[in-house]
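What follows is a set of notes on a single structure, which appears directly below.
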Amino acid sequence: MAIEARIREDYTVAETARQLAELYENSVLPEARLALESSLASYEAGSLDFLPVFSNLMTVVDNELMYHDEVMQCDMALARLEELTGVEIKQ
């Protein structure tokens with residue numbers, strides 16, 4: 001019974017991390033990059049201070065780190081599932 005619970009838990013972790021990584025990749029990161037580009041253009045035109053540009057850059061970096069963390073969590077859970085089941089899991 002303990003193995004079955006671990007399999008369910010790892011599956012849930014993998015699926016949740018996959019969905020979050022997809023959300024970061026398809027929604028959060030593109031929006032953050034657009035905000036950075038917009039603020040950089042305003043800064044270059046002289047209508048914006050540097051601080052908002054830097055803040056937007058740090059937001060992009062933080063979101064990229066969070067994306068890669070979710071990918072790692074998914075990969076680790078899949079590796080644990082492979083170990084528990086003896087079946088190779090293709091992504």
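Scheme for the structure tokens: letters A, B, ... for chains in order shown; per-chain residue numbers from 1; ligand numbers from 1 in order shown.
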Surrounding residues of Val71 in chain A excluding itself and chain neighbours under 6 positions, 7 Å, only C-alpha atoms, as a list in words: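 Non-adjacent residues within range: Ala17, Arg18 and Ala21 of chain A.
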Taking 2 positions as the minimum chain separation for residues in the same chain, which residues sit within 9 Å of range 22-32 of chain A when counting only C-alpha atoms? Answer as a PyMOL selection string. chain A and resi 17-20+34-37+56-57+59-60+63-64+66-67
Selection near range 78-91 of chain A, 10 Å with only C-alpha atoms, sequence-local residues under 3 positions removed, as a list in words: Ile3, Glu4, Arg6, Ile7, Arg8, Glu9, Asp10, Tyr11, Val13, Ala14, Glu15, Met72, Gln73, Cys74 and Asp75 of chain A
State, in Å with one decimal place, the distance from CA of Leu40 in chain A to CA of Val61 in chain A.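 So the two atoms, CA of Leu40 in chain A and CA of Val61 in chain A, lie 15.3 Å apart.
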So how many Å separate CA of Asp69 in chain A and CA of Thr12 in chain A, to one decimal?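 Between these atoms lies a distance of 16.0 Å.
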